[in-house]
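Visitor: Have a look at this one before I ask anything.
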Amino acid sequence: MIDDKYDIVVVGGGPAGTMAGAAAAKAGAKTLILERDAVFGIPVRCAEGVAVFHLKRFFDIDEKYVAARLEGAVLHAPDGSEVPVASEDFGMILERTLFDRWLAENAARAGAALLTKSDVDGLINPNGRVEGVYFTRLNKRYKVKADVVIAADGVESRVARWAGIPTHLKPVDLESTYQYLVVGIDDDHNNIHIYLGNEIAPGGYVWVFPKGKGIANVGIGVLTKYCDGGTAFRKLNEFIANRYGKVSIIGEAAGGVPVARPLKNPVKDGFMITGDAARHCNPVSGGGIAAALIGGNAAGEVAAAAVAKGDITESALKVYLKRIDKDIVKYHRRTYRLKEGVIKLTDDMLNKTAHNVLKLPPEKRTIVNIFLRGLASQPKLAVDIIKAFI
Amino acid sequence: MEINTISETKTVIPILIEPQKCDLCGACIGVCPPDCIVLTDHTLAIIGLKCILCRICLSACPVGALEWNSDNDNTKMLKSVENYDR
Ligand SMILES: Cc1cc2nc3c(=O)[nH]c(=O)nc-3n(C[C@H](O)[C@H](O)[C@H](O)COP(=O)(O)OP(=O)(O)OC[C@H]3O[C@@H](n4cnc5c(N)ncnc54)[C@H](O)[C@@H]3O)c2cc1C
Ligand code: SF4
Ligand code: SF4
């Protein structure tokens with residue numbers, strides 16, 4: 001049964017959408033989540049790494065969606081130097097198929113209605129005010145009204161544009177990615193491995209995220225600015241041929257990761273944007289699961305509270321920005337400046353950085369220290385970066 | 001090679017979509033300034049009428065599923081990308 005009107009309609013059933021839907025429903029709002037694909041959690045376009053503490057903020061971890069727990073990370077400089085990185089929480093590798101499905105279940109249990117194979121293709125927005133969505137399901141078009149529409153449609157972020165908010169990414173702000181699920185590699189499987197270098201992955205990196213012994217997500221992100229068509233695919237194949245020779249591939253996917261500043265204003269009357277659609281990925285790492293959970297949850301709660309109060313104006317919904325200010329907005333603005341510095345590092349600088357960092361005691365080899373050292377050879381940049389962290 | 005680009009006004013643009021290569025990942029959609037790339041019914045299409053021929057989508061595509069058809073070349077960008085910036 002599809003009703004004509006909901007308090008809240010969420011577009012997109014990734015982590016941001018299902019978190020928003022669960023939070024809204026839990027707060028008592030009549031909520032509908034619309035997902036274009038046939039199953040929540042498929043296809044997977046993700047390396048599936050996430051820090052444990054982010055998940056623990058919201059729920060007890062259910063082992064059924066955990067593929068592997070990690071001990072640490074190792075950065076590989078272009079000349080092959082390996083730098084083990086210190087951190088308290090390297091987190092784990094998820095089975096996103098199961099995790100996203102679990103999040104959908106969680107939203108359903110909270111009381112949200114969910115629909116798959118439902119492609120949102122327009123907004124009801126007479127006079128520019130968003131009042132609901134149009135979607136097509138099994139060749140039938142539906143019109144559903146909503147007090148608040150939450151756009152969680154991922155990297156495409158078209159829904160926001162229909163509401164008049166420009167979200168297209170500049171070539172310097174999109175990582176073009178390709179990933180294989182590889183079996184038969186005999187790498188260390190207790191750490192994630194990151195390979196840096198302008199030959200290996202211009203403006204990005206290659207990752208090896210182990211999902212158990214002998215199986216890993218091996219993927220690449222390259223900055224669109226430095227690409228012509230198909231660069232990610234080509235460079236990943238080169239990397240695999242050079243490092244592993246022959247491997248078995250049991251899955252593959254292309255993807256796009258926004259590495260932009262978060263949208264300045266992700267709300268307007270009756271409308272909110274969250275997750276990748278709001279450009280909430282970490283601009284350096286490209287990780288976006290944590291931000292999708294944090295932002296989605298905040299968007300859902302704020303929307304439900306606004307509906308309950310009967311005030312769904314932009315100014316009422318702006319509480320959302322306060323809720324994500326520390327974890328996403330400020331943090332990612334800072335990280336964005338770090339990205340601007342990092343993409344300028346030459347291979348030579350990366351190698352020197354690795355050698356310098358290896359002189360530090362292991363506990364001081366944090367990601368921030370590493371990049372700060374790297375940028376030390378570029379005084380002007382270093383000042384910018386240091387500013388970004390204070 | 002067939003031109004897969006559909007358009008509301010039959011405007012033909014020099015971009016070829018190779019459906020066999022396209023993974024429907026949406027990266028090209030994320031960068032398209034005038035929002036003229038559409039993914040629906042498991043098919044990617046470009047609304048030729050709105051395309052400004054900036055070629056950013058070609059670079060963004062991880063697999064090279066978008067190609068510039070030089071037989072039908074019109075290298076001039078129709079509108080500056082900055083017109084769309086936030
Ligand atoms: C190759 C790759 C590796 C990555 N690795 C990591 C990692 O290791 N760790 C990490 O934290 N992050 C990683 N990310 C980023 C992470 O996957 C995203 O940040 C995260 O999935 C964002 O969640 P979301 O809910 O905002 O969007 P998505 O997960 O993209 O969900 C959006 C959903 O909306 C649906 N949708 C879109 N348009 C419509 C429409 N019109 N109507 C209905 N439904 C629609 C889509 O089908 C999709 O299900 C990676 C990304 C890529 C591409
Ligand atoms: S060439 Fe530019 S305007 Fe045309 S589809 Fe590609 S990104 Fe969009
Ligand atoms: S970026 Fe390439 S693979 Fe992804 S949807 Fe666009 S054309 Fe298809």
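By order in the structure tokens, chains are A, B, ...; within a chain, residues start at 1; ligands start at 1, following the order shown.
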If we count only C-alpha atoms and set the cut-off at 9 Å, which residues sit around stretch 28-42 of chain B, ignoring sequence neighbours fewer than 4 positions away in its own chain? Please answer as an MDAnalysis selection string.

Guide: (chainID A and resid 36 119 121 154:158 161 166:171 173:174 256 258 277) or (chainID B and resid 24 46:52 54:61 81:85)

Visitor: As a quick test: using only C-alpha atoms and all ligand atoms, which residues lie no more than 7 Å away from ligand 3? Give them as a list of chain:residue names.

Guide: A:Ala254, A:Gly255, B:Ile17, B:Lys21, B:Cys22, B:Asp23, B:Leu24, B:Cys25, B:Gly26, B:Ala27, B:Cys28, B:Ile29, B:Leu44, B:Cys57, B:Ala60, B:Cys61, B:Pro62, B:Val63, B:Gly64, B:Ala65, B:Leu66

Visitor: Can you tell me which residues sit at most 6 Å away from ligand 1, counting only C-alpha atoms and all ligand atoms, written as a PDB file with N, CA, C and O atoms, in the first residue's frame?

Guide:
ATOM      1  N   VAL A  11      14.571   9.876  -0.166  1.00  0.00           N
ATOM      2  CA  VAL A  11      14.950   9.360  -1.481  1.00  0.00           C
ATOM      3  C   VAL A  11      16.324   8.716  -1.382  1.00  0.00           C
ATOM      4  O   VAL A  11      17.318   9.387  -1.112  1.00  0.00           O
ATOM      5  N   GLY A  12      16.389   7.405  -1.601  1.00  0.00           N
ATOM      6  CA  GLY A  12      17.662   6.692  -1.554  1.00  0.00           C
ATOM      7  C   GLY A  12      17.770   5.831  -0.310  1.00  0.00           C
ATOM      8  O   GLY A  12      17.501   6.290   0.799  1.00  0.00           O
ATOM      9  N   GLY A  13      18.162   4.580  -0.508  1.00  0.00           N
ATOM     10  CA  GLY A  13      18.229   3.627   0.599  1.00  0.00           C
ATOM     11  C   GLY A  13      19.636   3.155   0.895  1.00  0.00           C
ATOM     12  O   GLY A  13      19.869   2.008   1.243  1.00  0.00           O
ATOM     13  N   GLY A  14      20.623   4.050   0.764  1.00  0.00           N
ATOM     14  CA  GLY A  14      21.977   3.766   1.254  1.00  0.00           C
ATOM     15  C   GLY A  14      21.996   4.045   2.744  1.00  0.00           C
ATOM     16  O   GLY A  14      20.945   4.285   3.357  1.00  0.00           O
ATOM     17  N   PRO A  15      23.178   4.028   3.371  1.00  0.00           N
ATOM     18  CA  PRO A  15      23.241   4.262   4.818  1.00  0.00           C
ATOM     19  C   PRO A  15      22.635   5.597   5.253  1.00  0.00           C
ATOM     20  O   PRO A  15      21.975   5.658   6.297  1.00  0.00           O
ATOM     21  N   ALA A  16      22.826   6.657   4.471  1.00  0.00           N
ATOM     22  CA  ALA A  16      22.265   7.953   4.866  1.00  0.00           C
ATOM     23  C   ALA A  16      20.732   7.895   4.863  1.00  0.00           C
ATOM     24  O   ALA A  16      20.074   8.345   5.808  1.00  0.00           O
ATOM     25  N   GLY A  17      20.166   7.328   3.817  1.00  0.00           N
ATOM     26  CA  GLY A  17      18.707   7.275   3.684  1.00  0.00           C
ATOM     27  C   GLY A  17      18.047   6.391   4.730  1.00  0.00           C
ATOM     28  O   GLY A  17      17.051   6.773   5.358  1.00  0.00           O
ATOM     29  N   LEU A  34      12.367   5.464  -0.322  1.00  0.00           N
ATOM     30  CA  LEU A  34      12.268   4.980  -1.700  1.00  0.00           C
ATOM     31  C   LEU A  34      13.648   4.632  -2.240  1.00  0.00           C
ATOM     32  O   LEU A  34      14.548   5.461  -2.244  1.00  0.00           O
ATOM     33  N   GLU A  35      13.820   3.410  -2.712  1.00  0.00           N
ATOM     34  CA  GLU A  35      15.110   2.968  -3.259  1.00  0.00           C
ATOM     35  C   GLU A  35      14.903   2.469  -4.689  1.00  0.00           C
ATOM     36  O   GLU A  35      14.012   1.683  -4.953  1.00  0.00           O
ATOM     37  N   ARG A  36      15.778   2.929  -5.554  1.00  0.00           N
ATOM     38  CA  ARG A  36      15.675   2.592  -6.972  1.00  0.00           C
ATOM     39  C   ARG A  36      15.994   1.130  -7.252  1.00  0.00           C
ATOM     40  O   ARG A  36      15.369   0.487  -8.093  1.00  0.00           O
ATOM     41  N   ASP A  37      16.993   0.593  -6.551  1.00  0.00           N
ATOM     42  CA  ASP A  37      17.411  -0.785  -6.822  1.00  0.00           C
ATOM     43  C   ASP A  37      16.440  -1.800  -6.218  1.00  0.00           C
ATOM     44  O   ASP A  37      15.584  -1.454  -5.410  1.00  0.00           O
ATOM     45  N   ARG A  45      29.244  -0.556  -3.961  1.00  0.00           N
ATOM     46  CA  ARG A  45      30.280   0.285  -4.577  1.00  0.00           C
ATOM     47  C   ARG A  45      31.065   0.902  -3.428  1.00  0.00           C
ATOM     48  O   ARG A  45      30.921   2.081  -3.130  1.00  0.00           O
ATOM     49  N   CYS A  46      31.870   0.087  -2.752  1.00  0.00           N
ATOM     50  CA  CYS A  46      32.489   0.556  -1.517  1.00  0.00           C
ATOM     51  C   CYS A  46      33.607  -0.390  -1.097  1.00  0.00           C
ATOM     52  O   CYS A  46      33.514  -1.594  -1.309  1.00  0.00           O
ATOM     53  N   ALA A  47      34.657   0.185  -0.480  1.00  0.00           N
ATOM     54  CA  ALA A  47      35.750  -0.641   0.045  1.00  0.00           C
ATOM     55  C   ALA A  47      35.427  -1.163   1.446  1.00  0.00           C
ATOM     56  O   ALA A  47      36.162  -1.969   2.000  1.00  0.00           O
ATOM     57  N   GLU A  48      34.331  -0.650   2.034  1.00  0.00           N
ATOM     58  CA  GLU A  48      33.694  -1.230   3.217  1.00  0.00           C
ATOM     59  C   GLU A  48      34.435  -1.027   4.532  1.00  0.00           C
ATOM     60  O   GLU A  48      34.151  -1.689   5.523  1.00  0.00           O
ATOM     61  N   GLY A  49      35.398  -0.091   4.559  1.00  0.00           N
ATOM     62  CA  GLY A  49      36.126   0.166   5.803  1.00  0.00           C
ATOM     63  C   GLY A  49      35.429   1.223   6.642  1.00  0.00           C
ATOM     64  O   GLY A  49      34.966   2.234   6.123  1.00  0.00           O
ATOM     65  N   VAL A  50      35.343   0.984   7.954  1.00  0.00           N
ATOM     66  CA  VAL A  50      34.744   1.985   8.840  1.00  0.00           C
ATOM     67  C   VAL A  50      35.333   1.845  10.240  1.00  0.00           C
ATOM     68  O   VAL A  50      35.723   0.741  10.645  1.00  0.00           O
ATOM     69  N   SER A 118      11.854   1.623  -6.798  1.00  0.00           N
ATOM     70  CA  SER A 118      11.095   2.865  -6.841  1.00  0.00           C
ATOM     71  C   SER A 118      12.035   4.014  -7.172  1.00  0.00           C
ATOM     72  O   SER A 118      12.814   4.458  -6.337  1.00  0.00           O
ATOM     73  N   ASP A 119      11.954   4.433  -8.424  1.00  0.00           N
ATOM     74  CA  ASP A 119      12.888   5.420  -8.962  1.00  0.00           C
ATOM     75  C   ASP A 119      12.255   6.808  -8.889  1.00  0.00           C
ATOM     76  O   ASP A 119      11.278   7.085  -9.583  1.00  0.00           O
ATOM     77  N   VAL A 120      12.783   7.641  -8.030  1.00  0.00           N
ATOM     78  CA  VAL A 120      12.239   8.998  -7.906  1.00  0.00           C
ATOM     79  C   VAL A 120      12.709   9.807  -9.111  1.00  0.00           C
ATOM     80  O   VAL A 120      13.903   9.888  -9.390  1.00  0.00           O
ATOM     81  N   ASP A 121      11.752  10.370  -9.859  1.00  0.00           N
ATOM     82  CA  ASP A 121      12.142  11.070 -11.083  1.00  0.00           C
ATOM     83  C   ASP A 121      11.677  12.521 -11.123  1.00  0.00           C
ATOM     84  O   ASP A 121      11.771  13.176 -12.156  1.00  0.00           O
ATOM     85  N   ALA A 152      18.745  11.598  -0.217  1.00  0.00           N
ATOM     86  CA  ALA A 152      19.914  10.798   0.185  1.00  0.00           C
ATOM     87  C   ALA A 152      20.279   9.918  -1.004  1.00  0.00           C
ATOM     88  O   ALA A 152      20.475   8.720  -0.876  1.00  0.00           O
ATOM     89  N   ASP A 153      20.343  10.566  -2.178  1.00  0.00           N
ATOM     90  CA  ASP A 153      20.499   9.803  -3.424  1.00  0.00           C
ATOM     91  C   ASP A 153      21.950   9.643  -3.864  1.00  0.00           C
ATOM     92  O   ASP A 153      22.216   9.361  -5.035  1.00  0.00           O
ATOM     93  N   GLY A 154      22.884   9.806  -2.919  1.00  0.00           N
ATOM     94  CA  GLY A 154      24.270   9.447  -3.211  1.00  0.00           C
ATOM     95  C   GLY A 154      24.985  10.408  -4.148  1.00  0.00           C
ATOM     96  O   GLY A 154      24.585  11.566  -4.301  1.00  0.00           O
ATOM     97  N   VAL A 155      26.053   9.914  -4.779  1.00  0.00           N
ATOM     98  CA  VAL A 155      26.945  10.768  -5.573  1.00  0.00           C
ATOM     99  C   VAL A 155      26.212  11.532  -6.672  1.00  0.00           C
ATOM    100  O   VAL A 155      26.560  12.662  -7.001  1.00  0.00           O
ATOM    101  N   THR A 177      36.464   5.947  -9.435  1.00  0.00           N
ATOM    102  CA  THR A 177      36.971   4.739  -8.765  1.00  0.00           C
ATOM    103  C   THR A 177      36.612   3.441  -9.480  1.00  0.00           C
ATOM    104  O   THR A 177      35.593   3.351 -10.173  1.00  0.00           O
ATOM    105  N   TYR A 178      37.470   2.453  -9.274  1.00  0.00           N
ATOM    106  CA  TYR A 178      37.160   1.097  -9.729  1.00  0.00           C
ATOM    107  C   TYR A 178      37.681   0.137  -8.675  1.00  0.00           C
ATOM    108  O   TYR A 178      38.702   0.399  -8.031  1.00  0.00           O
ATOM    109  N   GLN A 179      36.969  -0.927  -8.462  1.00  0.00           N
ATOM    110  CA  GLN A 179      37.376  -1.866  -7.411  1.00  0.00           C
ATOM    111  C   GLN A 179      37.094  -3.311  -7.812  1.00  0.00           C
ATOM    112  O   GLN A 179      36.075  -3.602  -8.440  1.00  0.00           O
ATOM    113  N   GLY A 255      32.693   3.416  -9.534  1.00  0.00           N
ATOM    114  CA  GLY A 255      32.036   4.299  -8.567  1.00  0.00           C
ATOM    115  C   GLY A 255      32.570   5.713  -8.655  1.00  0.00           C
ATOM    116  O   GLY A 255      33.580   5.970  -9.309  1.00  0.00           O
ATOM    117  N   GLY A 256      31.869   6.607  -7.989  1.00  0.00           N
ATOM    118  CA  GLY A 256      32.329   7.989  -7.896  1.00  0.00           C
ATOM    119  C   GLY A 256      32.259   8.419  -6.441  1.00  0.00           C
ATOM    120  O   GLY A 256      31.270   8.140  -5.763  1.00  0.00           O
ATOM    121  N   VAL A 257      33.333   9.050  -5.949  1.00  0.00           N
ATOM    122  CA  VAL A 257      33.344   9.497  -4.559  1.00  0.00           C
ATOM    123  C   VAL A 257      33.524  11.014  -4.518  1.00  0.00           C
ATOM    124  O   VAL A 257      34.528  11.527  -4.993  1.00  0.00           O
ATOM    125  N   GLY A 275      24.195  12.665   3.451  1.00  0.00           N
ATOM    126  CA  GLY A 275      25.080  11.635   2.891  1.00  0.00           C
ATOM    127  C   GLY A 275      25.899  12.160   1.718  1.00  0.00           C
ATOM    128  O   GLY A 275      26.171  13.362   1.606  1.00  0.00           O
ATOM    129  N   ASP A 276      26.293  11.253   0.834  1.00  0.00           N
ATOM    130  CA  ASP A 276      27.086  11.643  -0.339  1.00  0.00           C
ATOM    131  C   ASP A 276      26.395  12.743  -1.138  1.00  0.00           C
ATOM    132  O   ASP A 276      27.049  13.571  -1.765  1.00  0.00           O
ATOM    133  N   ALA A 277      25.073  12.728  -1.149  1.00  0.00           N
ATOM    134  CA  ALA A 277      24.321  13.738  -1.904  1.00  0.00           C
ATOM    135  C   ALA A 277      24.624  15.142  -1.383  1.00  0.00           C
ATOM    136  O   ALA A 277      24.636  16.110  -2.142  1.00  0.00           O
ATOM    137  N   CYS A 281      31.339  13.124   2.224  1.00  0.00           N
ATOM    138  CA  CYS A 281      32.487  12.217   2.317  1.00  0.00           C
ATOM    139  C   CYS A 281      33.709  12.958   2.831  1.00  0.00           C
ATOM    140  O   CYS A 281      33.872  14.145   2.583  1.00  0.00           O
ATOM    141  N   GLY A 286      38.039   9.784   1.362  1.00  0.00           N
ATOM    142  CA  GLY A 286      36.921   9.344   0.537  1.00  0.00           C
ATOM    143  C   GLY A 286      35.923   8.507   1.321  1.00  0.00           C
ATOM    144  O   GLY A 286      34.922   8.056   0.776  1.00  0.00           O
ATOM    145  N   GLY A 287      36.188   8.298   2.611  1.00  0.00           N
ATOM    146  CA  GLY A 287      35.252   7.530   3.432  1.00  0.00           C
ATOM    147  C   GLY A 287      33.969   8.318   3.656  1.00  0.00           C
ATOM    148  O   GLY A 287      34.021   9.518   3.942  1.00  0.00           O
ATOM    149  N   GLY A 288      32.839   7.667   3.530  1.00  0.00           N
ATOM    150  CA  GLY A 288      31.584   8.391   3.685  1.00  0.00           C
ATOM    151  C   GLY A 288      30.535   7.643   4.481  1.00  0.00           C
ATOM    152  O   GLY A 288      29.429   8.148   4.680  1.00  0.00           O
ATOM    153  N   ILE A 289      30.886   6.434   4.962  1.00  0.00           N
ATOM    154  CA  ILE A 289      29.881   5.650   5.693  1.00  0.00           C
ATOM    155  C   ILE A 289      29.553   6.349   7.015  1.00  0.00           C
ATOM    156  O   ILE A 289      28.380   6.553   7.350  1.00  0.00           O
ATOM    157  N   ALA A 290      30.605   6.733   7.749  1.00  0.00           N
ATOM    158  CA  ALA A 290      30.383   7.349   9.063  1.00  0.00           C
ATOM    159  C   ALA A 290      29.559   8.624   8.918  1.00  0.00           C
ATOM    160  O   ALA A 290      28.574   8.826   9.637  1.00  0.00           O
ATOM    161  N   ALA A 292      27.551   9.398   6.579  1.00  0.00           N
ATOM    162  CA  ALA A 292      26.189   9.068   6.152  1.00  0.00           C
ATOM    163  C   ALA A 292      25.338   8.687   7.370  1.00  0.00           C
ATOM    164  O   ALA A 292      24.166   9.067   7.470  1.00  0.00           O
TER     165      ALA A 292
END

Visitor: Return the single residue from B:Ile15, B:Leu53, B:Glu67, B:Lys79 that is closest to chain A, with distances computed using only C-alpha atoms.

Guide: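 Closest to chain A of all the choices is B:Glu67.
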
Visitor: For the atom pair atom CA of A:Thr116 and atom CA of A:Ala38, what is the interatomic distance in Å to one decimal place?

Guide: 5.2 Å

Visitor: What's the 10 Å shell around stretch 319-331 of chain A, counting only C-alpha atoms, without same-chain residues fewer than 2 positions away, as a PyMOL selection string?

Guide: chain A and resi 261-267+272-274+279-283+290-292+294-303+306+314-317+333-336+388-389

Visitor: Pull N, CA, C and O atoms from the residues just selected and write them as a compact mmCIF listing (two decimals), in the first residue's frame.

Guide:
# COMPACT_ATOMS: atom_id res chain seq x y z
N ARG A 261 33.98 20.06 -0.49
CA ARG A 261 33.52 20.65 0.77
C ARG A 261 32.05 20.28 0.92
O ARG A 261 31.33 20.19 -0.07
N PRO A 262 31.60 20.11 2.17
CA PRO A 262 30.17 19.83 2.35
C PRO A 262 29.32 20.98 1.79
O PRO A 262 29.77 22.12 1.80
N LEU A 263 28.13 20.66 1.30
CA LEU A 263 27.24 21.72 0.79
C LEU A 263 27.06 22.78 1.86
O LEU A 263 26.85 22.45 3.03
N LYS A 264 27.10 24.04 1.44
CA LYS A 264 26.96 25.13 2.41
C LYS A 264 25.59 25.12 3.06
O LYS A 264 25.45 25.24 4.26
N ASN A 265 24.58 24.99 2.22
CA ASN A 265 23.24 24.99 2.78
C ASN A 265 22.42 23.82 2.27
O ASN A 265 21.78 23.91 1.22
N PRO A 266 22.42 22.71 3.02
CA PRO A 266 21.72 21.51 2.55
C PRO A 266 20.24 21.48 2.95
O PRO A 266 19.67 20.40 3.03
N VAL A 267 19.63 22.62 3.21
CA VAL A 267 18.20 22.64 3.55
C VAL A 267 17.48 23.79 2.84
O VAL A 267 18.09 24.80 2.50
N MET A 272 15.65 18.56 2.72
CA MET A 272 16.99 18.40 3.33
C MET A 272 17.83 17.45 2.47
O MET A 272 17.28 16.62 1.75
N ILE A 273 19.15 17.59 2.57
CA ILE A 273 20.06 16.73 1.80
C ILE A 273 21.05 16.10 2.78
O ILE A 273 21.55 16.77 3.68
N THR A 274 21.35 14.81 2.56
CA THR A 274 22.26 14.14 3.48
C THR A 274 23.11 13.09 2.78
O THR A 274 22.83 12.69 1.65
N ARG A 279 27.47 15.87 -0.15
CA ARG A 279 28.93 15.93 -0.26
C ARG A 279 29.57 15.82 1.12
O ARG A 279 30.42 16.64 1.49
N HIS A 280 29.14 14.78 1.85
CA HIS A 280 29.62 14.58 3.22
C HIS A 280 30.75 13.56 3.35
O HIS A 280 31.07 13.14 4.45
N CYS A 281 31.34 13.12 2.22
CA CYS A 281 32.49 12.22 2.32
C CYS A 281 33.71 12.96 2.83
O CYS A 281 33.87 14.15 2.58
N ASN A 282 34.59 12.24 3.49
CA ASN A 282 35.86 12.82 3.93
C ASN A 282 36.73 13.13 2.69
O ASN A 282 37.04 12.24 1.93
N PRO A 283 37.10 14.41 2.51
CA PRO A 283 37.81 14.78 1.28
C PRO A 283 39.18 14.15 1.08
O PRO A 283 39.65 14.09 -0.04
N ALA A 290 30.60 6.73 7.75
CA ALA A 290 30.38 7.35 9.06
C ALA A 290 29.56 8.62 8.92
O ALA A 290 28.57 8.83 9.64
N ALA A 291 29.93 9.47 7.96
CA ALA A 291 29.21 10.73 7.78
C ALA A 291 27.76 10.47 7.34
O ALA A 291 26.85 11.22 7.71
N ALA A 292 27.55 9.40 6.58
CA ALA A 292 26.19 9.07 6.15
C ALA A 292 25.34 8.69 7.37
O ALA A 292 24.17 9.07 7.47
N ILE A 294 25.96 9.58 10.61
CA ILE A 294 25.81 10.75 11.49
C ILE A 294 24.82 11.75 10.89
O ILE A 294 23.87 12.21 11.53
N GLY A 295 25.06 12.08 9.61
CA GLY A 295 24.22 13.08 8.94
C GLY A 295 22.80 12.58 8.72
O GLY A 295 21.82 13.31 8.92
N GLY A 296 22.68 11.32 8.32
CA GLY A 296 21.35 10.75 8.08
C GLY A 296 20.53 10.76 9.36
O GLY A 296 19.37 11.17 9.38
N ASN A 297 21.15 10.32 10.46
CA ASN A 297 20.46 10.29 11.74
C ASN A 297 20.01 11.69 12.15
O ASN A 297 18.85 11.89 12.55
N ALA A 298 20.91 12.67 12.00
CA ALA A 298 20.56 14.04 12.38
C ALA A 298 19.43 14.58 11.49
O ALA A 298 18.47 15.19 11.99
N ALA A 299 19.52 14.32 10.19
CA ALA A 299 18.49 14.82 9.27
C ALA A 299 17.12 14.24 9.63
O ALA A 299 16.11 14.96 9.68
N GLY A 300 17.09 12.93 9.91
CA GLY A 300 15.82 12.28 10.24
C GLY A 300 15.22 12.84 11.52
O GLY A 300 14.02 13.13 11.59
N GLU A 301 16.07 13.01 12.54
CA GLU A 301 15.56 13.53 13.82
C GLU A 301 15.07 14.96 13.69
O GLU A 301 14.01 15.32 14.21
N VAL A 302 15.85 15.79 13.00
CA VAL A 302 15.46 17.20 12.85
C VAL A 302 14.16 17.31 12.03
O VAL A 302 13.26 18.07 12.39
N ALA A 303 14.06 16.51 10.97
CA ALA A 303 12.86 16.56 10.14
C ALA A 303 11.63 16.16 10.95
O ALA A 303 10.59 16.83 10.90
N ALA A 306 10.63 18.84 13.37
CA ALA A 306 10.03 19.98 12.67
C ALA A 306 8.58 19.68 12.30
O ALA A 306 7.69 20.53 12.46
N GLU A 314 12.78 26.53 6.23
CA GLU A 314 14.24 26.40 6.15
C GLU A 314 14.88 26.74 7.49
O GLU A 314 15.76 26.05 7.97
N SER A 315 14.40 27.80 8.13
CA SER A 315 15.06 28.21 9.37
C SER A 315 14.86 27.17 10.47
O SER A 315 15.76 26.95 11.28
N ALA A 316 13.71 26.50 10.48
CA ALA A 316 13.51 25.45 11.49
C ALA A 316 14.42 24.24 11.18
O ALA A 316 15.00 23.65 12.08
N LEU A 317 14.53 23.91 9.89
CA LEU A 317 15.31 22.73 9.51
C LEU A 317 16.82 22.96 9.64
O LEU A 317 17.61 22.02 9.64
N ARG A 333 35.69 20.56 6.20
CA ARG A 333 36.28 21.77 5.62
C ARG A 333 37.78 21.79 5.87
O ARG A 333 38.57 22.14 5.01
N ARG A 334 38.16 21.39 7.11
CA ARG A 334 39.58 21.31 7.43
C ARG A 334 40.26 20.26 6.56
O ARG A 334 41.32 20.48 5.99
N THR A 335 39.62 19.10 6.49
CA THR A 335 40.21 18.00 5.74
C THR A 335 40.34 18.37 4.26
O THR A 335 41.26 17.94 3.58
N TYR A 336 39.40 19.18 3.78
CA TYR A 336 39.46 19.60 2.39
C TYR A 336 40.74 20.38 2.12
O TYR A 336 41.39 20.21 1.09
N ALA A 388 44.61 24.63 9.09
CA ALA A 388 43.42 23.80 8.95
C ALA A 388 43.17 22.94 10.17
O ALA A 388 42.05 22.52 10.43
N PHE A 389 44.23 22.69 10.94
CA PHE A 389 44.06 21.81 12.09
C PHE A 389 43.94 22.54 13.42
O PHE A 389 43.88 21.92 14.47

Visitor: Quick one: of A:Asn191, A:Thr136, A:Thr224, A:Ser81, who's nearest to ligand 2, counting only C-alpha atoms and all ligand atoms?

Guide: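 Of the candidates, the smallest distance to ligand 2 is held by A:Thr224.
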
Visitor: Env of A:Val148: 10 Å cut, atoms = only C-alpha atoms, seq-sep filter 3 positions within chain, self excluded. Answer as a VMD selection string.

Guide: chain A and resid 6 to 10 31 130 to 132 145 151 268 to 272 300 303 to 304 306 to 307 312 to 313 317

Visitor: Env of stretch 361-364 of chain A: 7 Å cut, atoms = only C-alpha atoms, seq-sep filter 2 positions within chain, self excluded. Answer as a ChimeraX atom specification.

Guide: /A:86,359,366

Visitor: Pick out the residues sitting within 6 Å of stretch 109-114 of chain A, and hand them over as a PyMOL selection string; count only C-alpha atoms, and ignore anything fewer than 5 positions along from it in its own chain.

Guide: chain A and resi 22+25-26+31-33

Visitor: Take the selection from the previous step and output its residues with C-alpha atoms, as a PDB file, in the first residue's frame.

Guide:
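The result, stored in selection01.pdb:
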ATOM      1  CA  ALA A  22      14.875   5.050  10.952  1.00  0.00           C
ATOM      2  CA  ALA A  25      10.146   6.886  12.176  1.00  0.00           C
ATOM      3  CA  LYS A  26      11.499   6.336  15.676  1.00  0.00           C
ATOM      4  CA  THR A  31       8.038   7.886   6.943  1.00  0.00           C
ATOM      5  CA  LEU A  32       8.602   6.352   3.501  1.00  0.00           C
ATOM      6  CA  ILE A  33      12.020   5.370   2.085  1.00  0.00           C
TER       7      ILE A  33
END

Visitor: Tell me which protein, DNA and RNA residues are within 7 Å of stretch 200-208 of chain A, counting only C-alpha atoms, leaving out same-chain ones fewer than 3 positions away, and put them as a list in words.

Guide: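 In the requested form, the answer reads Ile192, His193, Ile194, Tyr195, Leu196, Gly197, Ala216, Asn217, Val218, Gly219, Ile220, Gly221, Val222, Leu223, Tyr226, Lys235, Phe239 and Ile343 of chain A.
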
Visitor: As a ChimeraX atom specification, list the residues of stretch 240-359 of chain A assigned to strand (DSSP E or B) by DSSP on the backbone atoms of this structure.

Guide: /A:248-258,267-268,271-273
